[in-house]
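S.K.: Provided herewith is a single structure, encoded as structure tokens, for subsequent inquiry.
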Amino acid sequence: MRTRTVSDSVVVAAPPDEVYAALADPTRMARWSPENTGAVVADPRRGGTYVGMTFVGTNRRGGARWSTRCVVTAAEPGRRFAFAVRAIGVGRPILPTPIASWEYRFEPVDGGTRVTETWTDDRPWPDALAAAFDKVATRGSLFADFQRRNIARTLASLQRDLGAP
């Protein structure tokens, strides 16, 4: 049975509202993520992040490039931001299918905010098929192990950017 959820935490030297504002803006994720290269919000005129907001993220892993269509599932300033990846494709996200969910929780602590990033594998695939695909897509890892390393890299970059307490 595959691991479907992994997470990690880090403490940054910024208040929860400030950390939320940074992470809840999908256009800024490329600053910290080892795979994300940018994002375009579907309706930026509305202002701010809101449940139901959609965005297209662009990504790369080695020579592979792809895009995803995502929908915001939680937008609680200073507390929680989450989105679900619901379509994928090369160039444009044209294949509608559940891929993954990402969540960021913000907890005030002495000197700043504990940020917890969680990835959940939403693919409705049999475990054996997922394992075979994962090893090809990541060059040898299962996605849970791969995402655990990506989360650690993202959080370390965020901490470098926002400071450590």
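Residue numbering restarts at 1 for every chain of the structure tokens, chains are lettered A, B, ... in their displayed order, and ligands are numbered from 1 as they appear.
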Give me the residues within 6 Å of Glu35 in chain A as an NGL selection string, counting only C-alpha atoms and dropping any in the same chain fewer than 3 places off.

M.R.: :A and (59-61)

S.K.: Since we have the selection now, will you write its residues out, keeping N, CA and C atoms, as a compact mmCIF listing (two decimals), in the first residue's frame?

M.R.:
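Output (part11.txt):
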```
# COMPACT_ATOMS: atom_id res chain seq x y z
N ASN A 59 5.59 23.68 -14.36
CA ASN A 59 6.53 22.91 -13.56
C ASN A 59 7.59 22.29 -14.45
N ARG A 60 8.72 21.91 -13.82
CA ARG A 60 9.75 21.18 -14.53
C ARG A 60 10.48 20.27 -13.54
N ARG A 61 10.87 19.13 -14.07
CA ARG A 61 11.69 18.16 -13.34
C ARG A 61 12.69 17.63 -14.35
```

S.K.: Which residues, written as a PDB file with N, CA, C and O atoms, in the first residue's frame, have at least one atom at most 12 Å from Gly52 in chain A, with only C-alpha atoms counted and residues fewer than 3 positions away on the same chain left out?

M.R.:
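Here's the written file result_19.pdb:
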```pdb
ATOM      1  N   VAL A  41      -2.987  33.131 -12.390  1.00  0.00           N
ATOM      2  CA  VAL A  41      -4.296  33.061 -11.742  1.00  0.00           C
ATOM      3  C   VAL A  41      -5.359  33.383 -12.781  1.00  0.00           C
ATOM      4  O   VAL A  41      -5.227  34.343 -13.548  1.00  0.00           O
ATOM      5  N   ALA A  42      -6.437  32.581 -12.790  1.00  0.00           N
ATOM      6  CA  ALA A  42      -7.479  32.726 -13.814  1.00  0.00           C
ATOM      7  C   ALA A  42      -8.212  34.055 -13.724  1.00  0.00           C
ATOM      8  O   ALA A  42      -8.532  34.658 -14.743  1.00  0.00           O
ATOM      9  N   ASP A  43      -8.517  34.532 -12.521  1.00  0.00           N
ATOM     10  CA  ASP A  43      -9.290  35.765 -12.368  1.00  0.00           C
ATOM     11  C   ASP A  43      -8.636  36.662 -11.318  1.00  0.00           C
ATOM     12  O   ASP A  43      -9.152  36.811 -10.218  1.00  0.00           O
ATOM     13  N   ARG A  46     -10.371  39.782  -9.081  1.00  0.00           N
ATOM     14  CA  ARG A  46     -11.187  39.669  -7.871  1.00  0.00           C
ATOM     15  C   ARG A  46     -10.408  40.115  -6.631  1.00  0.00           C
ATOM     16  O   ARG A  46     -10.989  40.568  -5.663  1.00  0.00           O
ATOM     17  N   GLY A  48      -7.015  39.041  -4.021  1.00  0.00           N
ATOM     18  CA  GLY A  48      -6.830  38.094  -2.934  1.00  0.00           C
ATOM     19  C   GLY A  48      -7.131  36.665  -3.336  1.00  0.00           C
ATOM     20  O   GLY A  48      -7.682  36.394  -4.399  1.00  0.00           O
ATOM     21  N   THR A  49      -6.775  35.767  -2.473  1.00  0.00           N
ATOM     22  CA  THR A  49      -7.001  34.343  -2.696  1.00  0.00           C
ATOM     23  C   THR A  49      -8.340  33.956  -2.098  1.00  0.00           C
ATOM     24  O   THR A  49      -8.686  34.410  -1.009  1.00  0.00           O
ATOM     25  N   PHE A  55      -5.945  28.413 -10.852  1.00  0.00           N
ATOM     26  CA  PHE A  55      -4.696  28.894 -11.428  1.00  0.00           C
ATOM     27  C   PHE A  55      -4.043  27.746 -12.185  1.00  0.00           C
ATOM     28  O   PHE A  55      -4.312  26.571 -11.939  1.00  0.00           O
ATOM     29  N   ARG A  69      -3.757  22.440 -13.717  1.00  0.00           N
ATOM     30  CA  ARG A  69      -4.845  23.350 -13.341  1.00  0.00           C
ATOM     31  C   ARG A  69      -5.206  23.020 -11.903  1.00  0.00           C
ATOM     32  O   ARG A  69      -5.453  21.862 -11.557  1.00  0.00           O
ATOM     33  N   CYS A  70      -5.222  24.042 -11.086  1.00  0.00           N
ATOM     34  CA  CYS A  70      -5.435  23.873  -9.654  1.00  0.00           C
ATOM     35  C   CYS A  70      -6.610  24.721  -9.199  1.00  0.00           C
ATOM     36  O   CYS A  70      -6.885  25.775  -9.782  1.00  0.00           O
ATOM     37  N   VAL A  71      -7.264  24.255  -8.139  1.00  0.00           N
ATOM     38  CA  VAL A  71      -8.363  25.005  -7.549  1.00  0.00           C
ATOM     39  C   VAL A  71      -8.097  25.150  -6.053  1.00  0.00           C
ATOM     40  O   VAL A  71      -7.710  24.187  -5.381  1.00  0.00           O
ATOM     41  N   VAL A  72      -8.267  26.363  -5.554  1.00  0.00           N
ATOM     42  CA  VAL A  72      -8.063  26.638  -4.134  1.00  0.00           C
ATOM     43  C   VAL A  72      -9.221  26.031  -3.342  1.00  0.00           C
ATOM     44  O   VAL A  72     -10.382  26.263  -3.655  1.00  0.00           O
ATOM     45  N   THR A  73      -8.873  25.245  -2.325  1.00  0.00           N
ATOM     46  CA  THR A  73      -9.874  24.563  -1.498  1.00  0.00           C
ATOM     47  C   THR A  73      -9.956  25.124  -0.086  1.00  0.00           C
ATOM     48  O   THR A  73     -10.918  24.846   0.631  1.00  0.00           O
ATOM     49  N   ALA A  74      -8.973  25.919   0.326  1.00  0.00           N
ATOM     50  CA  ALA A  74      -9.003  26.580   1.637  1.00  0.00           C
ATOM     51  C   ALA A  74      -8.232  27.884   1.540  1.00  0.00           C
ATOM     52  O   ALA A  74      -7.132  27.922   0.983  1.00  0.00           O
ATOM     53  N   ALA A  75      -8.808  28.937   2.050  1.00  0.00           N
ATOM     54  CA  ALA A  75      -8.179  30.257   2.047  1.00  0.00           C
ATOM     55  C   ALA A  75      -8.553  30.961   3.348  1.00  0.00           C
ATOM     56  O   ALA A  75      -9.465  31.777   3.389  1.00  0.00           O
ATOM     57  N   PHE A  81      -3.960  27.487   3.910  1.00  0.00           N
ATOM     58  CA  PHE A  81      -4.133  27.642   2.468  1.00  0.00           C
ATOM     59  C   PHE A  81      -3.998  26.253   1.869  1.00  0.00           C
ATOM     60  O   PHE A  81      -3.089  25.489   2.221  1.00  0.00           O
ATOM     61  N   ALA A  82      -4.906  25.888   0.955  1.00  0.00           N
ATOM     62  CA  ALA A  82      -4.839  24.572   0.312  1.00  0.00           C
ATOM     63  C   ALA A  82      -5.364  24.663  -1.109  1.00  0.00           C
ATOM     64  O   ALA A  82      -6.212  25.507  -1.423  1.00  0.00           O
ATOM     65  N   PHE A  83      -4.846  23.770  -1.956  1.00  0.00           N
ATOM     66  CA  PHE A  83      -5.355  23.678  -3.317  1.00  0.00           C
ATOM     67  C   PHE A  83      -5.265  22.242  -3.797  1.00  0.00           C
ATOM     68  O   PHE A  83      -4.480  21.436  -3.294  1.00  0.00           O
ATOM     69  N   ALA A  84      -6.085  21.929  -4.780  1.00  0.00           N
ATOM     70  CA  ALA A  84      -6.113  20.607  -5.385  1.00  0.00           C
ATOM     71  C   ALA A  84      -5.691  20.715  -6.841  1.00  0.00           C
ATOM     72  O   ALA A  84      -6.146  21.605  -7.563  1.00  0.00           O
TER      73      ALA A  84
END
```

S.K.: Using only C-alpha atoms, which of the listed residues (A:Gly91, A:Gly38, A:Pro126, A:Gly140) sits closest to Gly57 in chain A?

M.R.: A:Gly38

S.K.: I'd like the neighbourhood of range 15-26 of chain A as a VMD selection string, where a residue qualifies if any of its atoms comes within 6 Å (using only C-alpha atoms), though same-chain residues fewer than 6 positions away should be ignored.

M.R.: chain A and resid 39 77 to 78 81 106 112 to 113

S.K.: Can those selected residues be exported to a file as a PDB file, in the first residue's frame so that it contains C-alpha atoms?

M.R.:
```pdb
ATOM      1  CA  ALA A  39       1.621  30.316 -12.117  1.00  0.00           C
ATOM      2  CA  PRO A  77      -5.678  34.093   6.177  1.00  0.00           C
ATOM      3  CA  GLY A  78      -3.039  33.418   8.794  1.00  0.00           C
ATOM      4  CA  PHE A  81      -4.133  27.642   2.468  1.00  0.00           C
ATOM      5  CA  PHE A 106       0.301  28.392   9.870  1.00  0.00           C
ATOM      6  CA  GLY A 112       7.428  33.548  14.226  1.00  0.00           C
ATOM      7  CA  THR A 113       5.247  30.943  12.551  1.00  0.00           C
TER       8      THR A 113
END
```

S.K.: Write out as a ChimeraX atom specification the set of residues from range 95-141 of chain A that DSSP, computed on the backbone, places in strand (DSSP E).

M.R.: /A:95-109,112-121

S.K.: Rank A:Arg45, A:Arg2, A:Arg65, A:Arg153 by their smallest atom-to-atom distance to Arg123 in chain A, using only C-alpha atoms, and report the top residue only.

M.R.: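 When distances to Arg123 in chain A are compared using only C-alpha atoms, the smallest one comes from A:Arg2.
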
S.K.: Smallest atom-to-atom distance to Gln147 in chain A: which of A:Pro34, A:Gly62, A:Pro93, A:Gly111, using only C-alpha atoms?

M.R.: A:Pro34

S.K.: Show me, as a count of residues only, the residues that have an atom within 6 Å of Tyr104 in chain A when counting only C-alpha atoms, minus same-chain residues fewer than 2 positions from it.

M.R.: 4

S.K.: Per DSSP on the backbone, what are the helix (DSSP H, G or I) residues of chain A, as an NGL selection string?

M.R.: :A and (16-23 or 26-31 or 44-46 or 127-137 or 143-162)

S.K.: How many Å lie between CA of Arg86 in chain A and CA of Ala132 in chain A, rounded to one decimal?

M.R.: 21.1 Å

S.K.: Any idea what's packed within 12 Å of Arg160 in chain A, counting only C-alpha atoms, ignoring anything in its chain fewer than 3 positions away? Could you give it as a ChimeraX atom specification?

M.R.: /A:10-14,31-32,153-157,163-165

S.K.: Could you tell me how far CA of Thr27 in chain A sits from CA of Thr138 in chain A, in Å to one decimal place?

M.R.: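 Calculated distance between CA of Thr138 in chain A and CA of Thr27 in chain A is 24.5 Å.
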
S.K.: With only C-alpha atoms as the atoms that count, which of A:Thr37, A:Ile94, A:Pro44, A:Trp119 lies nearest to Arg149 in chain A?

M.R.: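 Nearest candidate to Arg149 in chain A out of A:Thr37, A:Ile94, A:Pro44, A:Trp119: A:Trp119.
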